[in-house]
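Everything on this sheet refers to the single structure shown next.
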Number of protein chains: 2
Amino acid sequence: MTATPNAFKIYIRLLHDCDIALGPGKADLLEAIEQHGSLSAAAKAMDISYRRVWAMVEAMNNGFREPLVATAHGGAKGGGASVTPLGHEVLRLYRTLQTEANDLTLRHFEHIKPLMKAD
Amino acid sequence: MTATPNAFKIYIRLLHDCDIALGPGKADLLEAIEQHGSLSAAAKAMDISYRRVWAMVEAMNNGFREPLVATAHGGAKGGGASVTPLGHEVLRLYRTLQTEANDLTLRHFEHIKPLMKAD
DNA sequence: GCTCGATATGTTTCGTCGTGCATATCGAAA
DNA sequence: TTTCGATATGCACGACGAAACATATCGAGC
């Protein structure tokens with residue numbers, strides 16, 4: 001075998017009015033925004049288009065009672081973005097959910113894995 | 001609100017060598033094949049192309065030690081397909097995993113939902 | 001050994017989604 | 001008040017995946 005032939009992926013998405021308010025990519029984006037302090041830097045770090053990042057932020061902010069990401073114009077650096085307290089809280093809850101779901105799936109996967117090809 | 005504005009979706013996929021051996025669509029497909037007795041009928045019932053159904057079956061059969069779906073040529077009806085005992089077993093395990101993961105996510109979602117827009 | 005309906009597979013068309021590029025806009029700081 | 005870098009937004013192009021269409025192949029039964 002070259003790497004890990006048998007594995008699993010689990011995607012949890014929170015929906016608001018039929019569009020994704022939070023998912024794996026948006027959770028990662030929240031962390032990237034916090035780390036880099038701007039949408040454009042986060043986009044570059046994640047190697048996706050600014051356009052897409054902006055749409056994701058839009059969807060996140062639109063899905064919750066208050067914005068998860070606060071954006072600002074002006075300043076020496078021309079502006080920037082930051083994760084709000086609600087953003088941090090939601091991210092924390094989502095990561096906890098992810099971890100528990102992953103553990104659960106891993107336990108079940110141990111029973112299924114022997115039935116799969118080993119390669 | 002028109003329907004349920006806030007909800008969640010959880011997709012669990014089992015991977016074999018970087019392609020999906022089993023996921024939500026393939027699990028549904030297994031049930032459709034069992035119910036209708038052929039790939040073409042299952043495709044029609046699920047309203048997807050036969051081509052796609054065939055590829056899904058290929059991926060499933062390729063990912064496990066033995067086929068999950070047995071196909072047959074000839075006969076008065078020209079052939080058909082059926083779910084093997086291993087197919088039934090894998091499907092049962094997957095459905096159990098899905099149910100438990102769904103319950104887990106639902107419990108967590110109760111804590112996140114109040115933070116989302118109600119519409 | 002025909003027949004028939006389903007499996008098996010190639011090719012082409014098409015809708016969708018993301019990217020890339022261009023551009024307008026904003027506002028704190030110098 | 002001028003500057004500067006980031007936000008905000010429109011639009012055309014291209015990549016990818018699925019559908020649609022076409023067709024070859026199989027083999028139990030009659």
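So you can find residues: chains in the structure tokens are A, B, ... in the order shown, residues in each start at 1, and ligands are numbered from 1 in order.
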
Stretch 31-83 of chain A residues near stretch 13-18 of chain C within 9 Å, closest pair each, using only C-alpha atoms (C1' of nucleotides), as JSON lines:
```
{"residue": "A:Ile48", "atom": "CA", "partner": "C:DG18", "partner_atom": "C1'", "distance": 8.7}
{"residue": "A:Ser49", "atom": "CA", "partner": "C:DG18", "partner_atom": "C1'", "distance": 7.9}
{"residue": "A:Arg51", "atom": "CA", "partner": "C:DG18", "partner_atom": "C1'", "distance": 8.8}
{"residue": "A:Arg52", "atom": "CA", "partner": "C:DG18", "partner_atom": "C1'", "distance": 7.4}
```

Would you put the residues from that selection into a file with N, CA and C atoms, as an mmCIF file, in the first residue's frame?
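And here's result25.cif as it stands now:
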```cif
data_model
loop_
_atom_site.group_PDB
_atom_site.id
_atom_site.type_symbol
_atom_site.label_atom_id
_atom_site.label_comp_id
_atom_site.auth_asym_id
_atom_site.auth_seq_id
_atom_site.Cartn_x
_atom_site.Cartn_y
_atom_site.Cartn_z
ATOM 1 N N ILE A 48 -7.559 29.685 -2.211
ATOM 2 C CA ILE A 48 -8.832 29.787 -2.917
ATOM 3 C C ILE A 48 -9.042 31.261 -3.258
ATOM 4 N N SER A 49 -9.994 31.526 -4.139
ATOM 5 C CA SER A 49 -10.189 32.895 -4.603
ATOM 6 C C SER A 49 -10.808 33.780 -3.519
ATOM 7 N N ARG A 51 -12.988 35.922 -4.017
ATOM 8 C CA ARG A 51 -14.408 35.885 -4.322
ATOM 9 C C ARG A 51 -15.133 34.806 -3.524
ATOM 10 N N ARG A 52 -14.528 33.663 -3.497
ATOM 11 C CA ARG A 52 -15.153 32.539 -2.813
ATOM 12 C C ARG A 52 -15.164 32.760 -1.306
#
```

Give me the residues near stretch 26-34 of chain A as a VMD selection string, where near means some atom within 10 Å (using only C-alpha atoms (C1' of nucleotides)) and where sequence neighbours in that chain fewer than 2 positions away do not count. chain A and resid 13 20 to 24 36 to 46 53 56 to 57 59 to 60 68 to 69 80 to 84 87 to 88 90 to 92 94 to 95

6 Å contacts from chain A to chain C using only C-alpha atoms (C1' of nucleotides), as a PyMOL selection string: chain A and resi 73-76

Determine which residues of chain B sit within 7 Å of chain A, taking into account only C-alpha atoms, and present them as a list in words.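 Selected residues: Pro5, Asn6, Ala7, Phe8, Lys9, Ile10, Tyr11, Ile12, Arg13, Leu14, Leu15, His16, Asp17, Cys18, Gly63, Phe64, Arg65, Val90, Leu97, Ala101, Thr105, His108, Ile112, Leu115, Met116 and Lys117 of chain B.
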
Produce a file of the selected residues containing N, CA and C atoms, as a PDB file, in the first residue's frame.
```pdb
ATOM      1  N   PRO B   5     -36.099  26.083   8.247  1.00  0.00           N
ATOM      2  CA  PRO B   5     -35.007  26.944   7.817  1.00  0.00           C
ATOM      3  C   PRO B   5     -33.671  26.465   8.362  1.00  0.00           C
ATOM      4  N   ASN B   6     -33.682  26.014   9.590  1.00  0.00           N
ATOM      5  CA  ASN B   6     -32.419  25.582  10.202  1.00  0.00           C
ATOM      6  C   ASN B   6     -32.364  24.069  10.331  1.00  0.00           C
ATOM      7  N   ALA B   7     -31.318  23.510   9.793  1.00  0.00           N
ATOM      8  CA  ALA B   7     -31.172  22.063   9.837  1.00  0.00           C
ATOM      9  C   ALA B   7     -29.705  21.713   9.695  1.00  0.00           C
ATOM     10  N   PHE B   8     -29.404  20.447   9.579  1.00  0.00           N
ATOM     11  CA  PHE B   8     -28.027  20.045   9.348  1.00  0.00           C
ATOM     12  C   PHE B   8     -28.005  18.841   8.434  1.00  0.00           C
ATOM     13  N   LYS B   9     -26.905  18.657   7.775  1.00  0.00           N
ATOM     14  CA  LYS B   9     -26.705  17.480   6.948  1.00  0.00           C
ATOM     15  C   LYS B   9     -25.385  16.855   7.326  1.00  0.00           C
ATOM     16  N   ILE B  10     -25.365  15.554   7.396  1.00  0.00           N
ATOM     17  CA  ILE B  10     -24.129  14.864   7.752  1.00  0.00           C
ATOM     18  C   ILE B  10     -23.872  13.760   6.748  1.00  0.00           C
ATOM     19  N   TYR B  11     -22.751  13.863   6.057  1.00  0.00           N
ATOM     20  CA  TYR B  11     -22.395  12.896   5.023  1.00  0.00           C
ATOM     21  C   TYR B  11     -21.204  12.075   5.483  1.00  0.00           C
ATOM     22  N   ILE B  12     -21.384  10.779   5.562  1.00  0.00           N
ATOM     23  CA  ILE B  12     -20.283   9.888   5.925  1.00  0.00           C
ATOM     24  C   ILE B  12     -19.916   9.055   4.708  1.00  0.00           C
ATOM     25  N   ARG B  13     -18.673   9.117   4.329  1.00  0.00           N
ATOM     26  CA  ARG B  13     -18.212   8.390   3.143  1.00  0.00           C
ATOM     27  C   ARG B  13     -17.056   7.470   3.496  1.00  0.00           C
ATOM     28  N   LEU B  14     -17.132   6.239   3.034  1.00  0.00           N
ATOM     29  CA  LEU B  14     -16.059   5.278   3.256  1.00  0.00           C
ATOM     30  C   LEU B  14     -15.188   5.257   2.011  1.00  0.00           C
ATOM     31  N   LEU B  15     -13.906   5.473   2.202  1.00  0.00           N
ATOM     32  CA  LEU B  15     -13.001   5.582   1.068  1.00  0.00           C
ATOM     33  C   LEU B  15     -12.133   4.355   0.905  1.00  0.00           C
ATOM     34  N   HIS B  16     -11.967   3.980  -0.343  1.00  0.00           N
ATOM     35  CA  HIS B  16     -11.011   2.929  -0.666  1.00  0.00           C
ATOM     36  C   HIS B  16     -10.085   3.457  -1.743  1.00  0.00           C
ATOM     37  N   ASP B  17      -8.848   3.662  -1.365  1.00  0.00           N
ATOM     38  CA  ASP B  17      -7.859   4.128  -2.331  1.00  0.00           C
ATOM     39  C   ASP B  17      -8.317   5.420  -3.009  1.00  0.00           C
ATOM     40  N   CYS B  18      -8.758   6.362  -2.190  1.00  0.00           N
ATOM     41  CA  CYS B  18      -9.119   7.710  -2.651  1.00  0.00           C
ATOM     42  C   CYS B  18     -10.424   7.828  -3.433  1.00  0.00           C
ATOM     43  N   GLY B  63     -14.440  -1.619  -3.905  1.00  0.00           N
ATOM     44  CA  GLY B  63     -13.922  -1.196  -2.604  1.00  0.00           C
ATOM     45  C   GLY B  63     -13.950  -2.277  -1.533  1.00  0.00           C
ATOM     46  N   PHE B  64     -14.733  -3.314  -1.758  1.00  0.00           N
ATOM     47  CA  PHE B  64     -14.865  -4.348  -0.733  1.00  0.00           C
ATOM     48  C   PHE B  64     -14.273  -5.680  -1.195  1.00  0.00           C
ATOM     49  N   ARG B  65     -14.024  -6.516  -0.232  1.00  0.00           N
ATOM     50  CA  ARG B  65     -13.368  -7.801  -0.519  1.00  0.00           C
ATOM     51  C   ARG B  65     -14.168  -8.630  -1.517  1.00  0.00           C
ATOM     52  N   VAL B  90     -22.987  -4.826   5.017  1.00  0.00           N
ATOM     53  CA  VAL B  90     -22.337  -3.517   4.967  1.00  0.00           C
ATOM     54  C   VAL B  90     -23.381  -2.397   5.052  1.00  0.00           C
ATOM     55  N   LEU B  97     -24.413   3.282  11.688  1.00  0.00           N
ATOM     56  CA  LEU B  97     -23.485   4.397  11.878  1.00  0.00           C
ATOM     57  C   LEU B  97     -24.173   5.717  11.580  1.00  0.00           C
ATOM     58  N   ALA B 101     -24.670   8.733  14.273  1.00  0.00           N
ATOM     59  CA  ALA B 101     -24.045  10.022  13.982  1.00  0.00           C
ATOM     60  C   ALA B 101     -25.099  11.117  13.897  1.00  0.00           C
ATOM     61  N   THR B 105     -25.262  14.361  16.256  1.00  0.00           N
ATOM     62  CA  THR B 105     -25.280  15.705  15.674  1.00  0.00           C
ATOM     63  C   THR B 105     -26.521  16.476  16.114  1.00  0.00           C
ATOM     64  N   HIS B 108     -25.964  17.947  19.532  1.00  0.00           N
ATOM     65  CA  HIS B 108     -25.101  19.131  19.490  1.00  0.00           C
ATOM     66  C   HIS B 108     -25.814  20.307  18.834  1.00  0.00           C
ATOM     67  N   ILE B 112     -26.457  24.774  19.070  1.00  0.00           N
ATOM     68  CA  ILE B 112     -26.047  25.748  18.057  1.00  0.00           C
ATOM     69  C   ILE B 112     -27.248  26.469  17.459  1.00  0.00           C
ATOM     70  N   LEU B 115     -28.322  29.975  18.167  1.00  0.00           N
ATOM     71  CA  LEU B 115     -27.422  31.029  17.714  1.00  0.00           C
ATOM     72  C   LEU B 115     -27.692  31.410  16.263  1.00  0.00           C
ATOM     73  N   MET B 116     -28.473  30.600  15.593  1.00  0.00           N
ATOM     74  CA  MET B 116     -28.747  30.859  14.183  1.00  0.00           C
ATOM     75  C   MET B 116     -29.978  31.728  14.007  1.00  0.00           C
ATOM     76  N   LYS B 117     -30.077  32.296  12.822  1.00  0.00           N
ATOM     77  CA  LYS B 117     -31.254  33.092  12.492  1.00  0.00           C
ATOM     78  C   LYS B 117     -32.481  32.194  12.464  1.00  0.00           C
TER      79      LYS B 117
END
```

Mind checking DSSP for chain B and telling me the strand (DSSP E or B) residues as a ChimeraX atom specification? /B:6-16,19-22,64,69-73,79-83,116

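If you measure from each of A:Pro67, A:Asp103, A:Lys77, A:Ala55 to chain D using only C-alpha atoms (C1' of nucleotides), the closest one turns out to be A:Lys77.
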
Using DSSP on the backbone coordinates, identify the residues of chain A assigned to helix (DSSP H, G or I); present them as number ranges by chain. A: 24-36, 39-46, 50-63, 85-115

Once you count only C-alpha atoms (C1' of nucleotides), which residues of chain D turn out to be within 9 Å of chain B? Could you give them as a compact mmCIF listing (two decimals) with C-alpha atoms (C1' of nucleotides), in the first residue's frame?
```
# COMPACT_ATOMS: atom_id res chain seq x y z
C1' DA D 18 -23.40 14.41 -14.63
C1' DA D 19 -26.76 13.62 -18.28
C1' DA D 20 -28.00 12.28 -22.75
C1' DC D 26 -24.10 -11.03 -22.81
C1' DG D 27 -26.76 -15.44 -21.80
C1' DA D 28 -31.08 -17.95 -19.88
C1' DG D 29 -35.18 -19.33 -22.03
C1' DC D 30 -38.14 -20.45 -25.78
```

Computed interatomic separation between atom CA of A:Gly25 and atom C1' of D:DC11 (Å):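 Taking atom CA of A:Gly25 as the start and atom C1' of D:DC11 as the end point, the length is 25.5 Å.
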